[in-house]
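For reference, entry.cif (mmCIF, C-alpha atoms):
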data_run
#
loop_
_atom_site.group_PDB
_atom_site.id
_atom_site.type_symbol
_atom_site.label_atom_id
_atom_site.label_comp_id
_atom_site.auth_asym_id
_atom_site.auth_seq_id
_atom_site.Cartn_x
_atom_site.Cartn_y
_atom_site.Cartn_z
ATOM 1 C CA MET A 1 27.514 59.949 -109.280
ATOM 2 C CA SER A 2 27.034 63.517 -108.085
ATOM 3 C CA ILE A 3 29.027 65.085 -105.272
ATOM 4 C CA LYS A 4 25.946 65.024 -103.049
ATOM 5 C CA ASP A 5 25.503 61.303 -103.724
ATOM 6 C CA GLU A 6 29.180 60.671 -102.976
ATOM 7 C CA GLN A 7 28.920 62.605 -99.720
ATOM 8 C CA GLU A 8 25.806 60.692 -98.728
ATOM 9 C CA ALA A 9 27.535 57.383 -99.484
ATOM 10 C CA ALA A 10 30.547 58.529 -97.470
ATOM 11 C CA LYS A 11 28.318 59.459 -94.542
ATOM 12 C CA GLN A 12 26.553 56.102 -94.732
ATOM 13 C CA ASP A 13 29.803 54.162 -94.684
ATOM 14 C CA ALA A 14 31.426 56.263 -91.956
ATOM 15 C CA HIS A 15 28.321 56.251 -89.770
ATOM 16 C CA TYR A 16 27.928 52.503 -90.095
ATOM 17 C CA GLU A 17 31.558 51.838 -89.199
ATOM 18 C CA ALA A 18 31.708 54.299 -86.282
ATOM 19 C CA ALA A 19 28.393 53.037 -84.896
ATOM 20 C CA ARG A 20 29.669 49.468 -85.234
ATOM 21 C CA TYR A 21 32.638 50.364 -83.027
ATOM 22 C CA LEU A 22 30.288 51.774 -80.399
ATOM 23 C CA ARG A 23 27.999 48.734 -80.557
ATOM 24 C CA ASN A 24 31.028 46.487 -80.034
ATOM 25 C CA ALA A 25 32.152 48.691 -77.144
ATOM 26 C CA GLU A 26 28.697 48.460 -75.538
ATOM 27 C CA ASN A 27 28.786 44.668 -75.818
ATOM 28 C CA THR A 28 32.230 44.592 -74.200
ATOM 29 C CA LEU A 29 31.073 46.916 -71.431
ATOM 30 C CA LYS A 30 28.219 44.530 -70.582
ATOM 31 C CA LYS A 31 30.844 41.878 -69.774
ATOM 32 C CA ALA A 32 32.354 44.127 -67.080
ATOM 33 C CA GLY A 33 29.506 43.533 -64.646
ATOM 34 C CA GLN A 34 28.024 46.121 -62.303
ATOM 35 C CA ASP A 35 27.759 46.779 -58.616
ATOM 36 C CA GLY A 36 25.700 49.861 -57.902
ATOM 37 C CA LYS A 37 27.407 52.787 -59.622
ATOM 38 C CA TRP A 38 30.580 50.858 -60.400
ATOM 39 C CA PHE A 39 31.729 48.484 -63.076
ATOM 40 C CA LEU A 40 33.532 45.423 -61.747
ATOM 41 C CA ASP A 41 36.121 44.396 -64.348
ATOM 42 C CA LYS A 42 38.727 46.995 -65.328
ATOM 43 C CA LYS A 43 39.901 45.026 -68.372
ATOM 44 C CA TYR A 44 36.486 45.088 -70.052
ATOM 45 C CA VAL A 45 35.896 48.737 -69.192
ATOM 46 C CA SER A 46 39.290 49.708 -70.590
ATOM 47 C CA THR A 47 38.744 47.731 -73.781
ATOM 48 C CA ALA A 48 35.238 49.163 -74.250
ATOM 49 C CA CYS A 49 36.414 52.739 -73.706
ATOM 50 C CA GLY A 50 39.289 52.332 -76.149
ATOM 51 C CA THR A 51 36.989 50.879 -78.804
ATOM 52 C CA ALA A 52 34.395 53.625 -78.340
ATOM 53 C CA TYR A 53 37.069 56.308 -78.569
ATOM 54 C CA LEU A 54 38.348 54.826 -81.836
ATOM 55 C CA GLY A 55 34.792 54.930 -83.181
ATOM 56 C CA VAL A 56 34.642 58.628 -82.371
ATOM 57 C CA LEU A 57 37.950 59.213 -84.161
ATOM 58 C CA LEU A 58 36.543 57.461 -87.234
ATOM 59 C CA ALA A 59 33.554 59.795 -87.118
ATOM 60 C CA MET A 60 35.843 62.813 -86.694
ATOM 61 C CA ASP A 61 37.962 61.736 -89.655
ATOM 62 C CA ALA A 62 34.793 61.492 -91.747
ATOM 63 C CA ILE A 63 33.629 64.929 -90.586
ATOM 64 C CA PHE A 64 37.014 66.356 -91.499
ATOM 65 C CA GLN A 65 37.051 64.705 -94.899
ATOM 66 C CA LEU A 66 33.519 65.931 -95.666
ATOM 67 C CA ARG A 67 34.621 69.445 -94.645
ATOM 68 C CA ASP A 68 37.875 69.223 -96.655
ATOM 69 C CA VAL A 69 40.127 69.438 -93.589
ATOM 70 C CA LYS A 70 43.569 68.316 -94.675
ATOM 71 C CA PRO A 71 45.415 65.718 -92.611
ATOM 72 C CA PRO A 72 48.628 66.947 -90.988
ATOM 73 C CA LYS A 73 52.020 66.135 -92.358
ATOM 74 C CA GLY A 74 53.831 63.286 -90.659
ATOM 75 C CA ASN A 75 52.250 61.297 -87.854
ATOM 76 C CA LYS A 76 50.606 64.182 -85.971
ATOM 77 C CA ARG A 77 47.123 62.880 -86.769
ATOM 78 C CA GLU A 78 47.199 60.778 -83.629
ATOM 79 C CA SER A 79 47.355 63.852 -81.412
ATOM 80 C CA ILE A 80 44.123 65.022 -79.784
ATOM 81 C CA LYS A 81 45.352 68.549 -80.446
ATOM 82 C CA TYR A 82 44.877 68.015 -84.190
ATOM 83 C CA TYR A 83 41.318 66.837 -83.649
ATOM 84 C CA VAL A 84 40.276 69.519 -81.160
ATOM 85 C CA GLU A 85 41.796 72.393 -83.157
ATOM 86 C CA ASN A 86 40.096 71.320 -86.363
ATOM 87 C CA ALA A 87 36.818 70.529 -84.605
ATOM 88 C CA ALA A 88 36.842 74.034 -83.099
ATOM 89 C CA LYS A 89 37.133 75.498 -86.604
ATOM 90 C CA ILE A 90 33.967 73.614 -87.570
ATOM 91 C CA ASP A 91 31.918 73.986 -84.388
ATOM 92 C CA GLY A 92 32.805 74.895 -80.807
ATOM 93 C CA HIS A 93 30.294 72.395 -79.440
ATOM 94 C CA LEU A 94 31.914 69.625 -81.454
ATOM 95 C CA ALA A 95 35.320 70.510 -79.979
ATOM 96 C CA ARG A 96 33.857 70.545 -76.463
ATOM 97 C CA ASP A 97 32.175 67.168 -76.972
ATOM 98 C CA LEU A 98 35.321 65.665 -78.452
ATOM 99 C CA ASN A 99 37.391 66.876 -75.520
ATOM 100 C CA PHE A 100 34.803 65.402 -73.125
ATOM 101 C CA VAL A 101 34.975 62.014 -74.862
ATOM 102 C CA TYR A 102 38.764 62.183 -74.836
ATOM 103 C CA ARG A 103 38.843 62.847 -71.077
ATOM 104 C CA ASN A 104 36.107 60.399 -70.048
ATOM 105 C CA LEU A 105 36.740 57.475 -72.372
ATOM 106 C CA HIS A 106 40.348 57.695 -73.488
ATOM 107 C CA ILE A 107 42.027 59.050 -70.371
ATOM 108 C CA GLU A 108 39.725 58.041 -67.496
ATOM 109 C CA GLY A 109 38.296 54.814 -68.892
ATOM 110 C CA TYR A 110 41.088 53.459 -71.066
ATOM 111 C CA TYR A 111 44.282 54.661 -69.380
ATOM 112 C CA GLU A 112 43.289 55.291 -65.773
ATOM 113 C CA GLY A 113 40.882 52.374 -65.448
ATOM 114 C CA ASN A 114 38.092 54.469 -63.928
ATOM 115 C CA LEU A 115 35.192 52.124 -63.085
ATOM 116 C CA SER A 116 32.602 54.831 -62.343
ATOM 117 C CA MET A 117 29.439 54.086 -64.321
ATOM 118 C CA PRO A 118 28.328 57.753 -64.562
ATOM 119 C CA THR A 119 31.711 58.811 -65.970
ATOM 120 C CA ILE A 120 31.818 56.051 -68.567
ATOM 121 C CA ARG A 121 28.131 56.342 -69.484
ATOM 122 C CA ASP A 122 28.447 60.114 -69.981
ATOM 123 C CA GLY A 123 31.416 59.475 -72.264
ATOM 124 C CA PHE A 124 29.448 56.921 -74.284
ATOM 125 C CA ASP A 125 26.421 59.234 -74.562
ATOM 126 C CA THR A 126 28.601 62.055 -75.864
ATOM 127 C CA ALA A 127 30.354 59.658 -78.250
ATOM 128 C CA TYR A 128 26.982 58.669 -79.727
ATOM 129 C CA GLY A 129 26.191 62.377 -80.124
ATOM 130 C CA ILE A 130 29.355 62.954 -82.137
ATOM 131 C CA ILE A 131 28.660 59.964 -84.355
ATOM 132 C CA GLU A 132 25.119 61.188 -84.983
ATOM 133 C CA ARG A 133 26.612 64.302 -86.591
ATOM 134 C CA ILE A 134 27.432 62.137 -89.605
ATOM 135 C CA CYS A 135 24.094 60.353 -89.593
ATOM 136 C CA PRO A 136 23.046 59.862 -93.225
ATOM 137 C CA GLU A 137 19.576 60.388 -94.627
ATOM 138 C CA ARG A 138 19.204 56.616 -94.734
ATOM 139 C CA GLU A 139 21.299 54.174 -92.736
ATOM 140 C CA LEU A 140 22.818 51.156 -94.435
ATOM 141 C CA THR A 141 21.777 47.622 -93.708
ATOM 142 C CA ASP A 142 24.498 45.094 -92.894
ATOM 143 C CA GLU A 143 24.111 43.518 -96.344
ATOM 144 C CA GLU A 144 24.411 46.878 -98.143
ATOM 145 C CA TYR A 145 27.502 47.773 -96.163
ATOM 146 C CA LYS A 146 29.184 44.446 -96.876
ATOM 147 C CA ALA A 147 28.378 44.730 -100.587
ATOM 148 C CA ARG A 148 29.808 48.250 -100.674
ATOM 149 C CA ARG A 149 32.979 47.097 -98.895
ATOM 150 C CA ARG A 150 33.449 44.370 -101.499
ATOM 151 C CA ARG A 151 33.224 46.975 -104.270
ATOM 152 C CA GLY A 152 35.961 49.134 -102.719
ATOM 153 C CA SER A 153 33.854 51.738 -101.008
ATOM 154 C CA TRP A 154 34.570 55.038 -99.367
ATOM 155 C CA VAL A 155 35.869 53.337 -96.198
ATOM 156 C CA GLY A 156 38.831 51.973 -98.150
ATOM 157 C CA ARG A 157 39.526 55.423 -99.565
ATOM 158 C CA LEU A 158 39.289 56.900 -96.048
ATOM 159 C CA ALA A 159 41.849 54.390 -94.792
ATOM 160 C CA ALA A 160 44.156 55.333 -97.657
ATOM 161 C CA TRP A 161 43.664 59.024 -96.849
ATOM 162 C CA LEU A 162 44.474 58.456 -93.172
ATOM 163 C CA PHE A 163 47.609 56.344 -93.551
#
Just dump the structure as structure tokens.
Amino acid sequence: MSIKDEQEAAKQDAHYEAARYLRNAENTLKKAGQDGKWFLDKKYVSTACGTAYLGVLLAMDAIFQLRDVKPPKGNKRESIKYYVENAAKIDGHLARDLNFVYRNLHIEGYYEGNLSMPTIRDGFDTAYGIIERICPERELTDEEYKARRRRGSWVGRLAAWLF
């Protein structure tokens, strides 16, 4: 398998997994209910925002691996500073978008319990934009993804690289 084929397979796996997180987050967000411009249930909003943010971090890890960005020593990977600094080296817009997702979804939605629909929706829209940066030439079907996972795909290697 050529390097280009390996990178395409990596993008397929990472995109599928990150998009799956966002789909799950969207489904959770629907359970929160709405009243005008506000969500009604803080628990569902918080859970959805946390899940979406983790999906973005998966996409960022894939972007970094595809760009040969080395993980930090120790447990500093969890810091947003690591992500923003390395995203800025790749693309200033990516760093800006990541910071926006961090503020809207992780801080406002997950920690602060902000129920404002525009704030959360803007965070989700930007999260989808980040994930689309790793969009492969051809997206995997559910069956292809499951078969690849059974064979010990790139996602398993990414998890080993991260932890």
Would you mind listing what lies within 12 Å of Ile107 of chain A as a list of chain:residue names, with all atoms listed in the file counted and same-chain residues fewer than 2 positions away left out? A:Ser46, A:Cys49, A:Gly50, A:Tyr53, A:Ile80, A:Asn99, A:Phe100, A:Val101, A:Tyr102, A:Arg103, A:Asn104, A:Leu105, A:Gly109, A:Tyr110, A:Tyr111, A:Glu112, A:Gly113, A:Asn114, A:Thr119, A:Ile120, A:Gly123
A:Ala18, A:Ala9, A:Val45, A:Ile134 ranked by distance to Arg67 of chain A, top pick (using only C-alpha atoms):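 With only C-alpha atoms as the atom set, the closest residue is A:Ile134.
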If the PyMOL selection byres ((chain A and resi 40-44) around 8) were run on this exact file, what residues would it hold? Put them as a list in words.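 Here the PyMOL selection byres ((chain A and resi 40-44) around 8) matches Thr28, Leu29, Lys31, Ala32, Gly33, Gln34, Asp35, Trp38, Phe39, Val45, Ser46, Thr47, Ala48, Gly113, Asn114 and Leu115 of chain A.
For the choices A:Ile3, A:Met117, A:Ala10, A:Ala52, the atom-to-atom distance to Asn24 of chain A is smallest for A:Ala52 when using all atoms listed in the file.
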Taking all atoms of segment 44-60 of chain A that appear in the file, build a box with edges along x, y and z, extend it by 4 Å on every side, and state its centre and edge lengths in Å to one decimal, as AutoDock Vina command-line options.
--center_x 36.4 --center_y 54.0 --center_z -78.2 --size_x 13.7 --size_y 25.7 --size_z 26.0
Can you translate the PyMOL selection byres ((chain A and resi 85) around 12) into the concrete residues it hits in this file, as an NGL selection string? :A and (60 or 64 or 69 or 72 or 77 or 79-84 or 86-92 or 94-96 or 98-99)
Would you write out, as JSON, numbers by chain, every residue that the PyMOL selection byres ((chain A and resi 136) around 12) captures in this file? {"A": [4, 5, 6, 7, 8, 9, 10, 11, 12, 13, 14, 15, 16, 62, 131, 132, 133, 134, 135, 137, 138, 139, 140]}
Just to confirm, what's the straight-line distance from atom CA of Pro118 of chain A to atom CA of Glu17 of chain A in Å (one decimal)?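 Straight-line distance from atom CA of Pro118 of chain A to atom CA of Glu17 of chain A works out to 25.5 Å.
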Have a look at A:Ile63, A:Thr126, A:Glu143, A:Arg121 and name the one nearest to Lys30 of chain A; count only C-alpha atoms. A:Arg121
Pick the closest to Gly36 of chain A from A:Gly55, A:Ser116, A:Pro71, A:Asp125: which is it, counting all atoms listed in the file?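 Comparing A:Gly55, A:Ser116, A:Pro71, A:Asp125 against Gly36 of chain A, the winner is A:Ser116.
With distances restricted to all atoms listed in the file, A:Thr51 is the closest residue to Glu26 of chain A from A:Leu58, A:Thr51, A:Ser2, A:Leu66.
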Any idea what the distance is between atom CA of Tyr128 of chain A and atom CA of His106 of chain A?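 Computing it gives 14.8 Å between the two atoms.
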Atom CA of Glu108 of chain A to atom CA of Leu57 of chain A: how many Å, to one decimal?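 Atom CA of Leu57 of chain A lies at a distance of 16.8 Å from atom CA of Glu108 of chain A.
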